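File shown: work19.txt (compact mmCIF, C-alpha atoms).
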```txt
# COMPACT_ATOMS: atom_id res chain seq x y z
CA MET A 1 -57.42 -123.65 -47.62
CA GLU A 2 -55.14 -120.82 -48.50
CA ILE A 3 -53.49 -118.29 -46.20
CA ILE A 4 -53.42 -114.88 -47.76
CA LYS A 5 -50.59 -112.74 -46.46
CA ILE A 6 -51.21 -109.07 -45.93
CA GLY A 7 -48.05 -106.97 -45.94
CA MET A 8 -47.39 -103.68 -44.21
CA ALA A 9 -49.62 -100.88 -45.60
CA ASP A 10 -51.56 -103.48 -47.55
CA LEU A 11 -55.10 -104.88 -47.45
CA GLY A 12 -56.94 -107.92 -48.75
CA VAL A 13 -60.24 -109.82 -48.88
CA ALA A 14 -60.96 -113.55 -48.47
CA LYS A 15 -63.83 -116.05 -48.30
CA PRO A 16 -64.09 -119.46 -46.62
CA PRO A 17 -62.11 -121.61 -46.29
CA ASP A 18 -59.26 -119.13 -46.72
CA ARG A 19 -57.51 -117.21 -43.99
CA LEU A 20 -55.99 -113.75 -43.80
CA ARG A 21 -52.72 -113.23 -41.98
CA THR A 22 -50.38 -110.38 -41.14
CA THR A 23 -47.16 -110.65 -39.14
CA GLY A 24 -45.15 -108.45 -36.82
CA LEU A 25 -47.66 -105.75 -35.93
CA GLY A 26 -45.92 -103.25 -33.69
CA SER A 27 -47.38 -99.77 -33.60
CA CYS A 28 -49.27 -100.73 -36.76
CA VAL A 29 -52.88 -101.86 -36.40
CA GLY A 30 -54.40 -104.95 -37.94
CA VAL A 31 -58.02 -104.18 -38.83
CA VAL A 32 -60.27 -107.15 -39.51
CA LEU A 33 -63.74 -106.69 -40.98
CA TYR A 34 -66.17 -109.56 -41.25
CA ASP A 35 -69.60 -109.87 -42.82
CA VAL A 36 -71.11 -112.65 -40.74
CA VAL A 37 -74.03 -113.19 -43.13
CA HIS A 38 -72.16 -113.43 -46.41
CA LYS A 39 -68.99 -114.83 -44.81
CA VAL A 40 -66.62 -112.35 -46.35
CA GLY A 41 -63.53 -111.28 -44.41
CA GLY A 42 -61.10 -108.43 -44.95
CA MET A 43 -57.86 -107.36 -43.31
CA ALA A 44 -55.75 -104.20 -43.43
CA HIS A 45 -52.29 -103.56 -41.95
CA VAL A 46 -52.52 -99.85 -41.10
CA MET A 47 -49.29 -97.99 -40.45
CA LEU A 48 -50.28 -94.35 -39.92
CA PRO A 49 -53.43 -92.56 -38.73
CA GLU A 50 -54.20 -89.99 -41.40
CA SER A 51 -53.50 -89.60 -45.09
CA SER A 52 -53.26 -85.84 -44.57
CA LEU A 53 -49.91 -86.50 -42.84
CA GLY A 54 -48.43 -87.69 -46.13
CA LYS A 55 -45.79 -85.48 -47.71
CA GLY A 56 -46.89 -85.77 -51.31
CA GLY A 57 -46.11 -88.52 -53.75
CA PRO A 58 -48.51 -91.27 -54.73
CA LEU A 59 -50.92 -92.30 -51.99
CA THR A 60 -50.76 -95.86 -50.70
CA VAL A 61 -54.36 -96.29 -49.53
CA GLY A 62 -53.58 -99.27 -47.30
CA LYS A 63 -51.13 -97.25 -45.24
CA TYR A 64 -53.50 -94.85 -43.50
CA ALA A 65 -56.47 -95.65 -41.27
CA ASP A 66 -58.71 -93.06 -42.92
CA THR A 67 -58.12 -94.41 -46.43
CA ALA A 68 -57.55 -98.13 -45.76
CA ILE A 69 -60.84 -98.79 -43.99
CA PRO A 70 -63.14 -97.24 -46.65
CA GLN A 71 -61.14 -99.07 -49.33
CA LEU A 72 -61.41 -102.36 -47.47
CA ILE A 73 -65.18 -101.94 -47.12
CA GLN A 74 -65.43 -101.24 -50.86
CA GLU A 75 -63.40 -104.30 -51.84
CA MET A 76 -65.42 -106.51 -49.51
CA GLU A 77 -68.67 -105.20 -50.99
CA ARG A 78 -67.34 -106.02 -54.42
CA ALA A 79 -66.79 -109.56 -53.11
CA GLY A 80 -70.43 -109.80 -52.02
CA ALA A 81 -70.38 -108.38 -48.51
CA SER A 82 -72.69 -105.73 -47.13
CA VAL A 83 -71.45 -103.02 -44.81
CA ARG A 84 -74.61 -103.36 -42.67
CA HIS A 85 -73.52 -106.83 -41.63
CA MET A 86 -69.90 -106.04 -40.93
CA VAL A 87 -68.26 -106.18 -37.54
CA ALA A 88 -64.66 -105.26 -36.74
CA LYS A 89 -61.80 -106.68 -34.71
CA LEU A 90 -58.65 -104.72 -33.94
CA ALA A 91 -55.16 -105.80 -32.87
CA GLY A 92 -51.85 -103.97 -32.57
CA GLY A 93 -51.14 -100.32 -31.84
CA ALA A 94 -48.39 -101.14 -29.35
CA GLN A 95 -45.54 -98.98 -28.18
CA MET A 96 -42.55 -101.22 -28.83
CA PHE A 97 -40.02 -99.23 -26.84
CA ALA A 98 -41.67 -98.63 -23.51
CA SER A 99 -38.93 -96.41 -22.15
CA LEU A 100 -39.05 -93.90 -24.95
CA GLY A 101 -41.77 -91.68 -23.53
CA ASN A 102 -44.43 -89.72 -25.24
CA SER A 103 -43.14 -87.93 -28.30
CA ASP A 104 -45.36 -87.99 -31.38
CA THR A 105 -43.58 -90.87 -33.10
CA MET A 106 -43.62 -92.85 -29.87
CA ARG A 107 -47.34 -92.41 -29.44
CA ILE A 108 -48.09 -93.55 -32.97
CA GLY A 109 -49.62 -96.85 -31.81
CA PRO A 110 -52.44 -95.35 -29.73
CA ARG A 111 -53.01 -92.72 -32.42
CA ASN A 112 -53.38 -95.45 -35.03
CA VAL A 113 -55.94 -97.27 -32.88
CA GLU A 114 -57.88 -94.05 -32.33
CA ALA A 115 -57.92 -93.26 -36.07
CA CYS A 116 -59.13 -96.78 -36.91
CA LYS A 117 -61.96 -96.44 -34.42
CA GLN A 118 -62.98 -93.13 -35.93
CA ALA A 119 -63.02 -94.54 -39.45
CA LEU A 120 -65.07 -97.52 -38.25
CA GLN A 121 -67.48 -95.26 -36.45
CA SER A 122 -68.12 -93.15 -39.52
CA ALA A 123 -68.86 -96.34 -41.45
CA GLN A 124 -71.11 -97.43 -38.55
CA ILE A 125 -69.22 -100.67 -38.02
CA ARG A 126 -69.28 -102.09 -34.52
CA ILE A 127 -66.04 -103.26 -32.87
CA VAL A 128 -66.65 -106.68 -31.34
CA ALA A 129 -63.12 -107.48 -30.17
CA GLU A 130 -59.96 -105.54 -29.51
CA ASP A 131 -56.44 -106.41 -28.39
CA THR A 132 -54.51 -103.16 -28.66
CA GLY A 133 -51.82 -101.18 -26.89
CA GLY A 134 -49.19 -102.58 -24.57
CA ASN A 135 -45.56 -103.14 -25.52
CA CYS A 136 -45.63 -106.33 -27.55
CA GLY A 137 -45.57 -107.30 -31.20
CA ARG A 138 -48.50 -109.29 -32.57
CA THR A 139 -49.11 -111.68 -35.43
CA ILE A 140 -52.74 -112.19 -36.37
CA GLU A 141 -54.61 -114.72 -38.45
CA PHE A 142 -58.30 -114.55 -39.32
CA ASP A 143 -60.36 -117.57 -40.25
CA THR A 144 -63.15 -116.55 -42.64
CA SER A 145 -65.07 -119.80 -41.98
CA THR A 146 -65.46 -119.22 -38.25
CA GLY A 147 -64.87 -115.49 -37.82
CA ILE A 148 -62.22 -116.25 -35.20
CA LEU A 149 -59.16 -114.03 -34.98
CA GLN A 150 -56.01 -115.62 -33.60
CA ILE A 151 -53.54 -113.27 -31.95
CA ARG A 152 -50.03 -114.47 -31.23
CA THR A 153 -47.47 -112.63 -29.08
CA VAL A 154 -44.00 -113.61 -27.95
CA ASN A 155 -44.68 -113.53 -24.23
CA HIS A 156 -48.39 -114.24 -23.94
CA GLY A 157 -48.82 -117.11 -26.37
CA VAL A 158 -51.89 -117.35 -28.60
CA LYS A 159 -55.34 -116.06 -27.86
CA GLU A 160 -58.53 -116.17 -29.88
CA VAL A 161 -61.11 -113.44 -30.10
CA MET B 162 -39.41 -93.63 -54.36
CA GLU B 163 -38.10 -91.46 -57.15
CA TYR B 164 -35.67 -89.81 -54.79
CA PHE B 165 -33.58 -92.95 -54.45
CA ALA B 166 -33.63 -93.52 -58.19
CA LYS B 167 -31.23 -90.59 -58.42
CA PHE B 168 -28.58 -92.62 -56.63
CA GLY B 169 -25.81 -93.98 -58.81
CA ASP B 170 -23.12 -96.54 -58.06
CA PHE B 171 -20.95 -93.86 -56.55
CA GLN B 172 -23.59 -92.84 -54.00
CA PHE B 173 -24.17 -96.45 -53.00
CA ASP B 174 -20.41 -96.97 -52.62
CA VAL B 175 -20.22 -93.99 -50.32
CA LEU B 176 -23.08 -95.33 -48.17
CA ARG B 177 -21.37 -98.71 -47.97
CA GLU B 178 -18.28 -96.91 -46.75
CA VAL B 179 -20.40 -95.13 -44.15
CA GLY B 180 -21.53 -98.54 -42.90
CA ASN B 181 -17.99 -99.84 -43.03
CA ILE B 182 -16.58 -97.09 -40.86
CA GLY B 183 -19.40 -97.05 -38.34
CA ALA B 184 -19.75 -100.80 -37.95
CA GLY B 185 -15.97 -101.25 -38.10
CA HIS B 186 -15.53 -99.10 -35.01
CA ALA B 187 -18.44 -100.77 -33.28
CA ALA B 188 -17.02 -104.21 -34.07
CA THR B 189 -13.69 -103.16 -32.57
CA ALA B 190 -15.51 -102.01 -29.44
CA LEU B 191 -17.34 -105.35 -29.23
CA SER B 192 -14.12 -107.21 -29.78
CA LYS B 193 -12.56 -105.40 -26.79
CA LEU B 194 -15.64 -106.05 -24.71
CA ILE B 195 -15.60 -109.82 -25.13
CA GLN B 196 -11.90 -110.15 -25.99
CA LYS B 197 -12.59 -112.11 -29.14
CA GLU B 198 -12.01 -111.36 -32.75
CA ILE B 199 -15.05 -109.98 -34.58
CA ASP B 200 -15.45 -110.14 -38.35
CA MET B 201 -17.93 -108.25 -40.43
CA ASN B 202 -19.46 -108.48 -43.87
CA VAL B 203 -19.38 -105.81 -46.52
CA PRO B 204 -22.29 -103.51 -45.63
CA LYS B 205 -25.44 -104.02 -47.65
CA VAL B 206 -27.07 -100.83 -48.81
CA SER B 207 -30.56 -101.43 -50.11
CA VAL B 208 -33.63 -99.51 -51.08
CA ILE B 209 -36.41 -101.88 -50.12
CA PRO B 210 -40.15 -101.90 -49.47
CA PHE B 211 -41.02 -101.64 -45.75
CA ASP B 212 -42.21 -105.21 -45.76
CA GLN B 213 -38.83 -106.60 -46.65
CA VAL B 214 -36.75 -104.78 -44.05
CA ALA B 215 -37.28 -107.49 -41.44
CA ASP B 216 -36.26 -110.19 -43.92
CA CYS B 217 -32.64 -109.10 -43.44
CA VAL B 218 -32.74 -110.36 -39.83
CA GLY B 219 -34.67 -113.59 -40.24
CA GLY B 220 -38.17 -112.43 -41.12
CA SER B 221 -40.96 -110.47 -39.56
CA GLU B 222 -41.68 -113.03 -36.83
CA ALA B 223 -38.11 -113.82 -35.81
CA ILE B 224 -37.53 -112.94 -32.18
CA VAL B 225 -34.69 -110.49 -31.80
CA VAL B 226 -32.96 -108.50 -29.09
CA THR B 227 -32.78 -104.90 -30.24
CA VAL B 228 -31.33 -101.67 -29.02
CA PHE B 229 -32.87 -98.72 -30.81
CA LEU B 230 -31.85 -95.13 -30.82
CA ARG B 231 -32.82 -92.08 -32.73
CA VAL B 232 -29.97 -90.16 -34.33
CA GLU B 233 -30.42 -86.46 -33.71
CA GLY B 234 -28.51 -83.47 -35.06
CA ASP B 235 -27.50 -82.62 -38.63
CA CYS B 236 -28.28 -86.01 -40.04
CA PRO B 237 -31.32 -87.53 -38.29
CA GLY B 238 -32.22 -91.17 -38.68
CA ASN B 239 -32.86 -94.42 -36.84
CA MET B 240 -30.30 -96.89 -35.65
CA PHE B 241 -30.79 -100.48 -34.55
CA PHE B 242 -28.39 -102.96 -33.04
CA ILE B 243 -29.92 -106.42 -33.50
CA LEU B 244 -29.01 -109.83 -32.10
CA ASP B 245 -30.85 -113.11 -32.40
CA MET B 246 -31.71 -114.81 -29.09
CA GLU B 247 -28.90 -117.34 -29.26
CA SER B 248 -26.30 -114.67 -29.91
CA ALA B 249 -27.60 -112.54 -27.07
CA ARG B 250 -27.29 -115.48 -24.67
CA SER B 251 -23.85 -116.31 -25.94
CA LEU B 252 -22.74 -112.70 -25.62
CA LEU B 253 -23.99 -112.55 -22.03
CA ARG B 254 -22.24 -115.80 -21.25
CA GLN B 255 -18.97 -114.44 -22.55
CA MET B 256 -19.32 -111.21 -20.64
CA THR B 257 -20.64 -112.41 -17.33
CA GLY B 258 -19.28 -115.93 -17.27
CA ALA B 259 -22.66 -117.22 -16.14
CA ASP B 260 -23.55 -120.31 -18.11
CA LYS B 261 -27.21 -121.05 -17.83
CA ASP B 262 -29.98 -121.75 -20.22
CA VAL B 263 -32.11 -118.71 -19.55
CA HIS B 264 -35.65 -118.49 -20.75
CA GLU B 265 -36.53 -115.51 -18.66
CA TRP B 266 -34.13 -112.62 -18.74
CA THR B 267 -33.17 -111.10 -15.43
CA ASP B 268 -32.99 -107.35 -14.86
CA PHE B 269 -29.24 -107.65 -14.79
CA GLU B 270 -29.18 -109.33 -18.18
CA TYR B 271 -31.53 -106.75 -19.59
CA SER B 272 -29.33 -103.92 -18.48
CA ALA B 273 -26.17 -105.69 -19.67
CA LEU B 274 -27.66 -106.07 -23.16
CA HIS B 275 -28.91 -102.52 -23.05
CA GLU B 276 -25.45 -101.27 -22.15
CA ILE B 277 -23.72 -103.35 -24.84
CA GLY B 278 -26.10 -101.88 -27.40
CA ASN B 279 -25.47 -98.43 -26.01
CA ILE B 280 -21.69 -98.75 -26.27
CA LEU B 281 -21.72 -100.23 -29.76
CA THR B 282 -24.23 -97.87 -31.34
CA GLY B 283 -22.47 -94.97 -29.66
CA SER B 284 -19.18 -95.99 -31.19
CA TYR B 285 -20.81 -96.44 -34.61
CA LEU B 286 -22.26 -92.95 -34.44
CA SER B 287 -19.26 -91.14 -33.08
CA SER B 288 -16.95 -92.56 -35.74
CA LEU B 289 -19.49 -91.50 -38.34
CA ALA B 290 -19.70 -88.01 -36.87
CA ASP B 291 -15.88 -87.74 -36.94
CA PHE B 292 -15.71 -88.98 -40.52
CA THR B 293 -18.37 -86.60 -41.82
CA ASN B 294 -17.79 -83.69 -39.48
CA LEU B 295 -21.52 -83.65 -38.86
CA ASN B 296 -23.18 -83.26 -35.51
CA MET B 297 -24.83 -86.58 -34.65
CA GLN B 298 -26.22 -87.17 -31.21
CA PRO B 299 -27.74 -90.42 -30.03
CA SER B 300 -31.04 -90.29 -28.16
CA VAL B 301 -31.28 -92.38 -25.01
CA PRO B 302 -31.23 -95.93 -26.35
CA ALA B 303 -34.13 -98.30 -25.70
CA LEU B 304 -34.18 -102.07 -25.53
CA ALA B 305 -36.88 -104.43 -26.79
CA ILE B 306 -37.05 -108.18 -27.23
CA ASP B 307 -39.81 -109.10 -29.62
CA MET B 308 -40.74 -109.86 -33.25
CA ALA B 309 -38.36 -108.26 -35.74
CA GLY B 310 -41.18 -106.90 -37.89
CA ALA B 311 -42.85 -105.18 -34.96
CA ILE B 312 -39.59 -103.65 -33.77
CA LEU B 313 -38.16 -102.53 -37.09
CA SER B 314 -41.43 -100.97 -38.21
CA HIS B 315 -40.87 -98.48 -35.42
CA GLY B 316 -37.96 -97.10 -37.43
CA LEU B 317 -40.08 -96.81 -40.57
CA ILE B 318 -42.91 -94.65 -39.24
CA GLU B 319 -41.14 -91.38 -40.12
CA LEU B 320 -40.37 -92.65 -43.61
CA GLY B 321 -43.96 -93.76 -44.04
CA HIS B 322 -45.02 -90.14 -44.41
CA SER B 323 -43.04 -89.71 -47.60
CA GLY B 324 -42.93 -93.09 -49.29
CA ASP B 325 -43.14 -96.86 -49.18
CA VAL B 326 -39.46 -97.76 -49.25
CA ALA B 327 -36.55 -97.40 -46.88
CA LEU B 328 -32.86 -97.01 -47.51
CA THR B 329 -31.07 -99.29 -45.08
CA ILE B 330 -27.37 -99.63 -44.36
CA ASP B 331 -27.09 -103.12 -42.92
CA THR B 332 -23.78 -104.46 -41.62
CA ALA B 333 -23.66 -108.00 -40.27
CA PHE B 334 -20.91 -109.00 -37.86
CA PHE B 335 -19.95 -112.30 -36.33
CA GLU B 336 -17.54 -113.81 -33.93
CA GLY B 337 -15.12 -116.36 -35.39
CA ASN B 338 -17.01 -119.50 -34.52
CA ASP B 339 -20.40 -117.90 -35.11
CA GLN B 340 -21.50 -117.92 -31.50
CA VAL B 341 -22.41 -114.30 -31.73
CA GLN B 342 -23.79 -112.71 -34.82
CA GLY B 343 -25.81 -109.62 -35.30
CA HIS B 344 -26.56 -106.54 -37.31
CA PHE B 345 -26.12 -102.82 -37.24
CA PHE B 346 -28.93 -101.10 -39.07
CA LEU B 347 -28.82 -97.45 -39.98
CA ILE B 348 -31.94 -96.01 -41.60
CA PRO B 349 -31.31 -92.34 -42.37
CA ASP B 350 -34.28 -90.03 -42.84
CA PRO B 351 -34.52 -89.28 -46.58
CA ASP B 352 -33.46 -85.66 -46.19
CA SER B 353 -30.38 -86.68 -44.23
CA LEU B 354 -28.81 -88.36 -47.23
CA LYS B 355 -28.36 -85.02 -48.94
CA THR B 356 -26.61 -83.67 -45.85
CA LEU B 357 -24.47 -86.76 -45.62
CA PHE B 358 -23.39 -86.58 -49.25
CA GLY B 359 -22.79 -82.84 -48.93
CA SER B 360 -20.48 -83.32 -45.97
CA LEU B 361 -18.40 -85.83 -47.91
CA GLY B 362 -18.24 -83.80 -51.11
CA VAL B 363 -20.29 -86.32 -53.03
CA PRO B 364 -22.19 -84.71 -55.90
CA PHE B 365 -25.93 -85.24 -55.58
CA ASP B 366 -28.90 -83.20 -56.77
CA GLY B 367 -31.38 -84.67 -54.36
CA ASP B 368 -34.17 -82.13 -54.53
CA HIS B 369 -37.44 -83.87 -54.07
```
Transcribe the structure of this file into structure tokens.
Amino acid sequence: MEIIKIGMADLGVAKPPDRLRTTGLGSCVGVVLYDVVHKVGGMAHVMLPESSLGKGGPLTVGKYADTAIPQLIQEMERAGASVRHMVAKLAGGAQMFASLGNSDTMRIGPRNVEACKQALQSAQIRIVAEDTGGNCGRTIEFDTSTGILQIRTVNHGVKEV
Amino acid sequence: MEYFAKFGDFQFDVLREVGNIGAGHAATALSKLIQKEIDMNVPKVSVIPFDQVADCVGGSEAIVVTVFLRVEGDCPGNMFFILDMESARSLLRQMTGADKDVHEWTDFEYSALHEIGNILTGSYLSSLADFTNLNMQPSVPALAIDMAGAILSHGLIELGHSGDVALTIDTAFFEGNDQVQGHFFLIPDPDSLKTLFGSLGVPFDGDH
């Protein structure tokens, strides 16, 4: 069994018995897609909601919700998955500094979650589990054999969805 | 990012000096606060992928005590004051005299840490503002105790719009017998570097 690490603004695909893992999600969102029939899993570590916010330069597709999710679907299909069988799990989108109020940068977590949901909706992928918002960092690990997503936080221990 | 590729040794030296002055003043303030001698390392100026920023403080999952503030004014950016858990406890012990093995932080301890961060980052910034003659105002500082990756990524969101790397000015400090050690992190917005160099008479054609 191998644990494949997904970095910030990155995405990756795995099959059983391997796992996908990303650490230290703050306002970023960890998007997990899973084809239950073909047992193909994918994970993206999304940092920003929309690629249109970019100020030029080369586009890192894994960074934005609206580009990462279509790309992840494509790579999973290349690995034998079918979008019709995919379900999604979301974690992250927190506001790490609770006292900082509601400026645009501060609200980036909820905006990321919203953008991920939109991208999933346009791909007609159902969200089966979600642990988003709040003020805590999250580390997530997805087991492609069982479809279970483990979510670890500093203050609330580990939960499985 | 191509922008940073235009930096030569001289520019990096200047940024190290920026860290030196800011953290030097902050270290002096800390030294007065706990009445102990504080040493610091030569500041590390690096241009690194977002993913590696948290590696400087023990990795993405290391639990850290952080005071964050946004630098506003002529030279906007993000500033972090970071302590590991042991150092935070030790610092509190030295300040309050209370010697207990705390697992849960009390409100008093929260606000003490918050205030320490406030004083130190404030002294970092004001010495920098004096040195450069730039207007730099700290936002109201905020405290968080959580995974380093989750916290530091907050300071990278702005940069995320224009690239995949951050320029960080990281100065580590420590008390003689290593009971307290921590970091000052300054992450200037990319456009601020031009302003900073301009104010110090450092040649730089940073159009991007």
Original post:
Contacts of Val226 in chain B at 9 Å or less, counting all atoms listed in the file, minus same-chain residues fewer than 3 places along, as number ranges by chain?
Top reply: B: 242-246, 249, 274, 304-309
Kindly save the residues from that selection, with C-alpha atoms included, as a CSV table (one decimal), keeping the file's coordinate frame.
```csv
chain,number,residue,atom,x,y,z
B,242,PHE,CA,-28.4,-103.0,-33.0
B,243,ILE,CA,-29.9,-106.4,-33.5
B,244,LEU,CA,-29.0,-109.8,-32.1
B,245,ASP,CA,-30.8,-113.1,-32.4
B,246,MET,CA,-31.7,-114.8,-29.1
B,249,ALA,CA,-27.6,-112.5,-27.1
B,274,LEU,CA,-27.7,-106.1,-23.2
B,304,LEU,CA,-34.2,-102.1,-25.5
B,305,ALA,CA,-36.9,-104.4,-26.8
B,306,ILE,CA,-37.0,-108.2,-27.2
B,307,ASP,CA,-39.8,-109.1,-29.6
B,308,MET,CA,-40.7,-109.9,-33.2
B,309,ALA,CA,-38.4,-108.3,-35.7
```
Using all atoms listed in the file, I'd like a table of the residues in chain B that come within 6 Å of chain A; for each, show the closest atom pair and its distance in Å rounded to one decimal, ordered by chain and ascending number, as a tab-separated table.
```
residue	atom	partner	partner_atom	distance
B:Asp212	CA	A:Met8	CA	5.6
B:Ser221	CA	A:Gly24	CA	5.4
B:Glu222	CA	A:Gly24	CA	5.7
B:Met308	CA	A:Gly137	CA	5.8
B:Gly310	CA	A:Gly24	CA	4.4
B:Ala311	CA	A:Gly26	CA	3.8
B:His322	CA	A:Gly54	CA	4.5
B:Ser323	CA	A:Lys55	CA	5.0
```
Please provide as a PDB file with C-alpha atoms, keeping the file's coordinate frame all residues within 10 Å of Phe358 in chain B, with the sequence filter that same-chain residues fewer than 4 positions apart are discarded (counting all atoms listed in the file).
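The file below, selection00.pdb, is the result:
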```
ATOM      1  CA  GLN B 172     -23.590 -92.840 -54.000  1.00  0.00           C
ATOM      2  CA  VAL B 175     -20.220 -93.990 -50.320  1.00  0.00           C
ATOM      3  CA  LEU B 176     -23.080 -95.330 -48.170  1.00  0.00           C
ATOM      4  CA  THR B 293     -18.370 -86.600 -41.820  1.00  0.00           C
ATOM      5  CA  SER B 353     -30.380 -86.680 -44.230  1.00  0.00           C
ATOM      6  CA  LEU B 354     -28.810 -88.360 -47.230  1.00  0.00           C
ATOM      7  CA  GLY B 362     -18.240 -83.800 -51.110  1.00  0.00           C
ATOM      8  CA  VAL B 363     -20.290 -86.320 -53.030  1.00  0.00           C
ATOM      9  CA  PRO B 364     -22.190 -84.710 -55.900  1.00  0.00           C
ATOM     10  CA  PHE B 365     -25.930 -85.240 -55.580  1.00  0.00           C
ATOM     11  CA  ASP B 366     -28.900 -83.200 -56.770  1.00  0.00           C
ATOM     12  CA  GLY B 367     -31.380 -84.670 -54.360  1.00  0.00           C
TER      13      GLY B 367
END
```
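Picture a line from CA of Gln298 in chain B to CA of Val341 in chain B; it runs 27.4 Å.
The residue set within 7 Å of range 74-81 of chain A, counting only C-alpha atoms and dropping same-chain residues fewer than 4 places from it, reads Val13, Asp35, His38, Val40, Gly42 and Pro70 of chain A.
In this model, the gap between CA of Val87 in chain A and CA of Leu149 in chain A comes to 12.3 Å.
Here CA of Val113 in chain A and CA of His156 in chain A stand 20.6 Å from one another.
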Original post:
What lies within 10 Å of Glu178 in chain B using only C-alpha atoms, ignoring chain neighbours under 4 positions off, as a list in words?
Top reply: Gln172, Phe173, Asp174, Ile182, Gly183, Ala184, Gly185, Val203, Pro204, Val206 and Ile330 of chain B
**OP:** Pick out the residues sitting within 12 Å of Asn279 in chain B, and hand them over as number ranges by chain; count only C-alpha atoms, and ignore anything fewer than 2 positions along from it in its own chain.
**Re:** B: 187, 190-191, 227-231, 240-243, 272-277, 281-287, 299-304
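The smallest atom-to-atom distance between Val37 in chain A and any of A:Val83, A:Ile140, A:Leu72, A:Val128, using all atoms listed in the file, is found for A:Val83.
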**OP:** Choose the residue, out of A:Val46, A:Cys116, A:Ile125, A:Val32, that has the smallest atom-to-atom separation from Lys89 in chain A; count only C-alpha atoms.
**Re:** A:Val32
**OP:** Using only C-alpha atoms, find all polymer residues with an atom at most 6 Å away from the point (-28.3, -107.6, -44.4); report them as an MDAnalysis selection string.
**Re:** chainID B and resid 205 217 331
